[in-house]
Amino acid sequence: MADSYKHIFIKGNAKPEKYKVSQKPGKQPIIPQRDRASHSAKLLKEFGEIWKEKEKLQTTRAAEKIATREGTYLSFISAAGHDLITKSLENIPKGIRLLNIQEEITSEGLNQIKATVYVPNGMEGFFIKKISDYQDEAKLSPTGKPKNAPLVNSIEDVSIALLEGLWTDNEQLIPGTNSKWCEAWLNVNTKDKKEKEQIAKFWATLEKIKIEYKQNVIVFPERAVILINSNRTQLIELMMSSDFLAEFRAGQELAGFWVRESAAEQQTWVDDLLKRIELIESNIKVCVLDTGVNNGHQLLQPLLDNENTLTVNPEWGTNDHYNGGRAGHGTLMAGVAGYGNFEEILSTRNGVPITHKLCSVKILPPPLHESTPKELWGDITAQGIARAEIQNPGLILVYCMAVTSKEDAGIGRPSSWSGALDNLAFGDGENQKLIIISAGNINDEEAWKDYPNTNFVTTIENPAQSWNALTIGAYTDKVRVSDDKFKDYTPLANQGELSPFSSTSLVWEKKWPIKPDVVFEGGNLLKAPDNSILPHEDLELLSTSKSFNIKPFDTINATSAATAQASWFAAKIAYEYSDAWPETIRGLMVHSASWNDNMFNQMDINQKKKKDFVNLLRVYGYGFPNLDRALYSKESALTFIAQEIIQPYGFNDKNQPETNEIHFFNLPWPKDLLLSLGATPVKFRITLSYFIEPGAGEIGWKDKYRFQSHGLRFDINNDGELEDDFRKRINVEAREEGEIINSNSGSGRWAIGANNRSNGSMHSDYIESTAAAIATCNYLAIYPVIGWWRERKHLNKVDTKTRYSLIISLDTPAQDVELYTTVKNMIEIPVIIKIQ
């Protein structure tokens, strides 16, 4: 391609230094004022009643020879509108464990925090002593403050935890007299690798209570998830019998798929395309995790052999099945994942280079009589990926999954399924994987009638809230229908706007990641004169039909179609850059993405207001990717890529965890060229992509308990800010003792803003300025923020090293500018220093 060059991978530029973060006063907890005597007396009375009730229960169950757990589950509640000091409710050496934290809204509209804590036998006096010390006047501090005041004052009530205390989903989903599939989240010892022994004990307990269960297990740090089929009475009995419980959640149902049959296509298209295919040898495959693929299709035979049509269950077969009477979803996904835009390649006479092949793993069972059986879908997905890797050792696999559930999607909260995807992508820090997943769809005519408002309040589906997976939403450019019968109909979405099928994360809490990450074409709908909504094949994407003996082509739409395109796109990057990490491929897709004017207009975005970008991101992600920009640099559009390893945390001389390392980059920079361009517009963009290790469970979002193992952030120097000044501004360790730095961070330069881009494990932002203003901004820092690797010291992950991918680009509309050549020469031609 003319004027196109490979991106510049920079190695050895990152300079690691000891990192110390500047101490800023954090948000102080809101604790109610208490009368020390009456409040301590009340809590001591409640604990007295708890331990009497426990003793009575154990005596009764022992007399009836019923197995009883050894410890007690307690429920601590804050005052309405106040905080609960949850970090003080746990003491790991004594076996006292914080199991889950829930926030509820009272009838007065105030937040109330509830925490469930496990107290083992022999530790009944732990909290009583804390309250007694608080009550004791002799233990007042010199300023008159009671001992343990923050914790004790924050507790409104304490009681034996009921089933509702361990149930962390909507309470309406708790089973009644009929059994339902539920997730049992266990508190297990993964540090000493005792989880298998503990899970076996839990299974034995289930068998005694006669609770049906699946043997699939998902394991996270300190947690294991097992699927059980139980009614309310059995769940309560399980609480009485097991010491391993941390929380219960509702089981997950799979969302259906909707694919409309298209008009018959001509076999001659297939014959013509087969003649033009150019199979190029590569080690790249897209693995479609779906309903199976019928690889007998003429267009799929060159890409998918029998050895790569796999299944997680031999009883399910490998062929594509009809899902509730609908056309085969997996075969449609495979066509787009293998070929990309069929409409484009069929309408040309050019050769079609195929640089990757396919693998199919059937992870969905065919319909069985009335319904699909419950499964622990995180484990099913893991099995599918394992089978693909065993079949394809040493190959680069891009995983494509358009299988989602409306259940347990919540408002962005991690689930066992999304956490499993995060685990799979992280791959113990070595065997990382790129997993691409659909955001989930709206398939209801009444909902479509209120487009796009329905989309804005319809949450992205489970497991697309995964931090590490690349989540794909849908927009549409399809507005033209050639059929005269529909001349009085209008497209529901305007060109360039959100696809009517696409879900969003606008209703999520701010703390959750930006989802979707990017959008691809998902098709459109027609609005009839009577305001009814209907599909049309002209507004969908062409792909390979399951029923290829009847017709070779069918259509696919929604976020499924978008996800298949994204997987094809990712495979193209993987082929072009064989050494690119999964983090890099994901980063390049985001980095190359942009929003069009219709997206800004549909969301009524004021680009000068950073808060407006939050809404834009939660609907469109970072926009729609540009393949040419993702693959290549140009003279006027330069891209650097750095793939580095950092150790975020370490130990100080007192053996306490602390932040450890910061990376400084001194980029090869065309300073003189940029200065000569003066007021010429330049767009300077940075994308930071990394995978976190998940810490799943409801304790993940309070105090020191975080879902992310670690977090990373980036910053650059200001215009004219010298390297030493920048280092001192970012890193307290670089300052002289007592030195105070008052320099401006330059946060106003960024379009999206540091607060808006900081969620999740993908951070991207840009500065639009002049060439002269960017000329000296070549110093960049990557530094860590808090995560459970540092805070959960007992898990021995404090000094873990991890990877990140950093992508930096300079773009200018100016012609005849040699940004790329200038920088390439700086890297390749060594500077000769004369020695006198």
# chains A, B, ... in the order shown; residues from 1 in each chain; ligands from 1

$ select_by_dssp --residues "stretch 645-827 of chain A" --states "helix (DSSP H, G or I)" --output "JSON, numbers by chain"
{"A": [671, 672, 673, 674, 675, 676, 677, 698, 699, 700, 723, 724, 725, 726, 727, 728, 729, 730, 732, 733, 734, 747, 748, 749, 754, 755, 756, 757, 771, 772, 773, 774, 788, 789, 790, 791, 793, 794, 795, 819, 820, 821, 822, 823, 824, 825, 826, 827]}

$ closest_atom_pairs --of "stretch 481-572 of chain A" --to "stretch 277-287 of chain A" --cutoff "12 Å" --atoms "only C-alpha atoms" --output "CSV"
residue,atom,partner,partner_atom,distance
A:Thr563,CA,A:Val286,CA,11.6
A:Ala564,CA,A:Val286,CA,9.4
A:Gln565,CA,A:Val286,CA,11.0
A:Ala566,CA,A:Val286,CA,10.5
A:Ser567,CA,A:Val286,CA,6.7
A:Trp568,CA,A:Val286,CA,7.4
A:Phe569,CA,A:Val286,CA,10.2
A:Ala570,CA,A:Val286,CA,8.9
A:Ala571,CA,A:Ile284,CA,6.6
A:Lys572,CA,A:Ile284,CA,8.8

$ residues_around --residues "A:Ser179" --least-positions-apart "3" --cutoff "10 Å" --atoms "only C-alpha atoms" --output "ChimeraX atom specification"
/A:174-176,182,211-212,228-235

$ closest_residue --among "A:Ala679, A:Ile437, A:Ala250, A:Ile752" --to "A:Val403" --atoms "only C-alpha atoms"
A:Ile437

$ residues_around --residues "stretch 580-597 of chain A" --least-positions-apart "2" --cutoff "7 Å" --atoms "only C-alpha atoms" --output "list in words"
Gln432, Lys433, Leu434, Leu470, Gly496, Asp517, Val518, Ala570, Ile573, Ala574, Tyr577, Ser578, Met599, Phe600, Asn601, Tyr622, Gly623, Phe624, Pro625, Asn626, Arg629, Ala630, Thr687, Leu688, Ser689, Tyr690, Tyr804 and Ser805 of chain A

$ write_last_selection --atoms "N, CA and C atoms" --output "PDB file, in the first residue's frame"
ATOM      1  N   GLN A 432      -1.586 -15.359  27.789  1.00  0.00           N
ATOM      2  CA  GLN A 432      -2.684 -14.426  27.610  1.00  0.00           C
ATOM      3  C   GLN A 432      -3.482 -14.743  26.347  1.00  0.00           C
ATOM      4  N   LYS A 433      -4.761 -14.373  26.356  1.00  0.00           N
ATOM      5  CA  LYS A 433      -5.643 -14.659  25.227  1.00  0.00           C
ATOM      6  C   LYS A 433      -6.464 -13.421  24.872  1.00  0.00           C
ATOM      7  N   LEU A 434      -6.748 -13.285  23.576  1.00  0.00           N
ATOM      8  CA  LEU A 434      -7.637 -12.223  23.117  1.00  0.00           C
ATOM      9  C   LEU A 434      -9.030 -12.819  22.939  1.00  0.00           C
ATOM     10  N   LEU A 470     -12.565  -7.910  24.817  1.00  0.00           N
ATOM     11  CA  LEU A 470     -12.918  -6.775  23.969  1.00  0.00           C
ATOM     12  C   LEU A 470     -14.410  -6.887  23.666  1.00  0.00           C
ATOM     13  N   GLY A 496     -24.737   6.074  10.457  1.00  0.00           N
ATOM     14  CA  GLY A 496     -23.679   6.410  11.411  1.00  0.00           C
ATOM     15  C   GLY A 496     -24.116   6.408  12.855  1.00  0.00           C
ATOM     16  N   ASP A 517     -16.271  -1.616  24.136  1.00  0.00           N
ATOM     17  CA  ASP A 517     -14.972  -1.003  23.858  1.00  0.00           C
ATOM     18  C   ASP A 517     -14.997  -0.286  22.517  1.00  0.00           C
ATOM     19  N   VAL A 518     -15.572  -0.934  21.510  1.00  0.00           N
ATOM     20  CA  VAL A 518     -15.693  -0.361  20.167  1.00  0.00           C
ATOM     21  C   VAL A 518     -17.005  -0.866  19.555  1.00  0.00           C
ATOM     22  N   ALA A 570      -9.303  -8.326  14.117  1.00  0.00           N
ATOM     23  CA  ALA A 570      -8.203  -8.669  15.032  1.00  0.00           C
ATOM     24  C   ALA A 570      -7.231  -9.651  14.392  1.00  0.00           C
ATOM     25  N   ILE A 573      -4.726  -7.913  12.189  1.00  0.00           N
ATOM     26  CA  ILE A 573      -3.637  -7.297  12.947  1.00  0.00           C
ATOM     27  C   ILE A 573      -2.639  -8.360  13.392  1.00  0.00           C
ATOM     28  N   ALA A 574      -3.165  -9.497  13.885  1.00  0.00           N
ATOM     29  CA  ALA A 574      -2.292 -10.580  14.358  1.00  0.00           C
ATOM     30  C   ALA A 574      -1.404 -11.092  13.233  1.00  0.00           C
ATOM     31  N   TYR A 577       1.330  -8.325  12.452  1.00  0.00           N
ATOM     32  CA  TYR A 577       2.319  -8.157  13.529  1.00  0.00           C
ATOM     33  C   TYR A 577       2.362  -9.448  14.346  1.00  0.00           C
ATOM     34  N   SER A 578       3.187 -10.371  13.921  1.00  0.00           N
ATOM     35  CA  SER A 578       3.208 -11.709  14.524  1.00  0.00           C
ATOM     36  C   SER A 578       3.692 -11.687  15.971  1.00  0.00           C
ATOM     37  N   MET A 599     -22.719  10.334  15.640  1.00  0.00           N
ATOM     38  CA  MET A 599     -22.649   9.804  16.998  1.00  0.00           C
ATOM     39  C   MET A 599     -22.645  10.943  18.010  1.00  0.00           C
ATOM     40  N   PHE A 600     -21.851  11.969  17.745  1.00  0.00           N
ATOM     41  CA  PHE A 600     -21.850  13.140  18.622  1.00  0.00           C
ATOM     42  C   PHE A 600     -23.234  13.774  18.671  1.00  0.00           C
ATOM     43  N   ASN A 601     -23.875  13.878  17.515  1.00  0.00           N
ATOM     44  CA  ASN A 601     -25.177  14.534  17.458  1.00  0.00           C
ATOM     45  C   ASN A 601     -26.265  13.707  18.139  1.00  0.00           C
ATOM     46  N   TYR A 622     -15.132   3.543  22.151  1.00  0.00           N
ATOM     47  CA  TYR A 622     -14.233   4.526  21.544  1.00  0.00           C
ATOM     48  C   TYR A 622     -14.539   4.742  20.064  1.00  0.00           C
ATOM     49  N   GLY A 623     -15.692   4.205  19.591  1.00  0.00           N
ATOM     50  CA  GLY A 623     -16.088   4.439  18.211  1.00  0.00           C
ATOM     51  C   GLY A 623     -15.870   3.209  17.346  1.00  0.00           C
ATOM     52  N   PHE A 624     -15.810   3.416  16.030  1.00  0.00           N
ATOM     53  CA  PHE A 624     -15.614   2.301  15.101  1.00  0.00           C
ATOM     54  C   PHE A 624     -14.169   2.301  14.593  1.00  0.00           C
ATOM     55  N   PRO A 625     -13.483   1.150  14.659  1.00  0.00           N
ATOM     56  CA  PRO A 625     -12.066   1.075  14.287  1.00  0.00           C
ATOM     57  C   PRO A 625     -11.842   1.227  12.786  1.00  0.00           C
ATOM     58  N   ASN A 626     -10.653   1.700  12.450  1.00  0.00           N
ATOM     59  CA  ASN A 626     -10.221   1.882  11.062  1.00  0.00           C
ATOM     60  C   ASN A 626      -9.104   0.876  10.795  1.00  0.00           C
ATOM     61  N   ARG A 629      -5.687   2.251   9.604  1.00  0.00           N
ATOM     62  CA  ARG A 629      -4.940   2.956  10.667  1.00  0.00           C
ATOM     63  C   ARG A 629      -4.440   1.979  11.721  1.00  0.00           C
ATOM     64  N   ALA A 630      -5.197   0.896  11.957  1.00  0.00           N
ATOM     65  CA  ALA A 630      -4.752  -0.110  12.928  1.00  0.00           C
ATOM     66  C   ALA A 630      -3.547  -0.879  12.420  1.00  0.00           C
ATOM     67  N   THR A 687      -2.867   5.121  24.071  1.00  0.00           N
ATOM     68  CA  THR A 687      -3.714   4.022  24.530  1.00  0.00           C
ATOM     69  C   THR A 687      -2.863   3.067  25.366  1.00  0.00           C
ATOM     70  N   LEU A 688      -3.357   2.727  26.527  1.00  0.00           N
ATOM     71  CA  LEU A 688      -2.686   1.801  27.440  1.00  0.00           C
ATOM     72  C   LEU A 688      -3.593   0.594  27.637  1.00  0.00           C
ATOM     73  N   SER A 689      -3.096  -0.596  27.283  1.00  0.00           N
ATOM     74  CA  SER A 689      -3.892  -1.821  27.333  1.00  0.00           C
ATOM     75  C   SER A 689      -3.153  -2.878  28.153  1.00  0.00           C
ATOM     76  N   TYR A 690      -3.838  -3.464  29.122  1.00  0.00           N
ATOM     77  CA  TYR A 690      -3.248  -4.518  29.946  1.00  0.00           C
ATOM     78  C   TYR A 690      -4.378  -5.408  30.466  1.00  0.00           C
ATOM     79  N   TYR A 804       2.129  -4.829  29.863  1.00  0.00           N
ATOM     80  CA  TYR A 804       1.243  -3.800  29.323  1.00  0.00           C
ATOM     81  C   TYR A 804       1.699  -3.458  27.907  1.00  0.00           C
ATOM     82  N   SER A 805       0.750  -2.957  27.151  1.00  0.00           N
ATOM     83  CA  SER A 805       1.040  -2.479  25.802  1.00  0.00           C
ATOM     84  C   SER A 805       0.706  -0.995  25.747  1.00  0.00           C
TER      85      SER A 805
END

$ residues_around --residues "stretch 808-816 of chain A" --least-positions-apart "6" --cutoff "10 Å" --atoms "only C-alpha atoms" --output "PDB file with C-alpha atoms, in the first residue's frame"
ATOM      1  CA  HIS A   7       4.199   0.713  13.034  1.00  0.00           C
ATOM      2  CA  ILE A   8       7.380   1.393  15.004  1.00  0.00           C
ATOM      3  CA  LEU A 588      -4.711  -1.136  18.339  1.00  0.00           C
ATOM      4  CA  HIS A 591      -6.547   3.217  19.276  1.00  0.00           C
ATOM      5  CA  SER A 592      -7.685   3.224  15.637  1.00  0.00           C
ATOM      6  CA  SER A 633       1.513   4.214   9.872  1.00  0.00           C
ATOM      7  CA  LYS A 634       1.850   6.910   7.223  1.00  0.00           C
ATOM      8  CA  GLU A 635       4.235   9.830   6.794  1.00  0.00           C
ATOM      9  CA  SER A 636       1.672  12.132   8.409  1.00  0.00           C
ATOM     10  CA  ALA A 637       0.305   9.534  10.849  1.00  0.00           C
ATOM     11  CA  LEU A 638       2.962   7.916  13.021  1.00  0.00           C
ATOM     12  CA  THR A 639       2.396   5.136  15.594  1.00  0.00           C
ATOM     13  CA  PHE A 640       4.779   3.861  18.297  1.00  0.00           C
ATOM     14  CA  ILE A 641       4.147   0.589  20.123  1.00  0.00           C
ATOM     15  CA  ALA A 642       5.891  -0.512  23.318  1.00  0.00           C
ATOM     16  CA  LEU A 667      10.298   8.944  23.024  1.00  0.00           C
ATOM     17  CA  LEU A 677       5.053  23.197  11.515  1.00  0.00           C
ATOM     18  CA  THR A 680      -0.485  23.092  12.077  1.00  0.00           C
ATOM     19  CA  PRO A 681      -3.119  20.924  13.832  1.00  0.00           C
ATOM     20  CA  VAL A 682      -1.846  17.700  15.422  1.00  0.00           C
ATOM     21  CA  LYS A 683      -3.704  14.910  17.212  1.00  0.00           C
ATOM     22  CA  PHE A 684      -1.616  13.194  19.875  1.00  0.00           C
ATOM     23  CA  ARG A 685      -3.182   9.953  21.162  1.00  0.00           C
ATOM     24  CA  ILE A 686      -2.168   7.440  23.831  1.00  0.00           C
ATOM     25  CA  THR A 687      -3.714   4.022  24.530  1.00  0.00           C
ATOM     26  CA  LEU A 688      -2.686   1.801  27.440  1.00  0.00           C
ATOM     27  CA  SER A 764      -7.236   5.823  25.772  1.00  0.00           C
ATOM     28  CA  TYR A 766      -6.051  12.266  22.940  1.00  0.00           C
ATOM     29  CA  ILE A 767      -4.915  15.881  22.758  1.00  0.00           C
ATOM     30  CA  GLU A 768      -5.811  18.077  19.792  1.00  0.00           C
ATOM     31  CA  THR A 770      -0.760  22.579  17.438  1.00  0.00           C
ATOM     32  CA  ALA A 771       2.450  20.958  16.282  1.00  0.00           C
ATOM     33  CA  ILE A 774       3.267  19.086  21.117  1.00  0.00           C
TER      34      ILE A 774
END

$ select_by_dssp --residues "stretch 475-645 of chain A" --states "strand (DSSP E)" --output "PyMOL selection string"
chain A and resi 475-476+490-491+497-498+518-521+526-527+533-534+541-544+553-556+632-633+637-645

$ closest_residue --among "A:Thr72, A:Thr776, A:Ser107, A:Thr802" --to "A:Leu674" --atoms "only C-alpha atoms"
A:Thr776

$ residues_around --residues "A:Thr106" --least-positions-apart "4" --cutoff "12 Å" --atoms "only C-alpha atoms" --output "list in words"
Ser78, Ala79, Ala80, Gly81, His82, Leu110, Asn111, Gln112, Ile113 and Lys114 of chain A

$ atom_distance --atom1 "atom CA of A:Ser242" --atom2 "atom CA of A:Gly48"
22.9 Å

$ closest_residue --among "A:Leu273, A:Ile160, A:Ile396, A:Ala420" --to "A:Leu57" --atoms "only C-alpha atoms"
A:Ile160
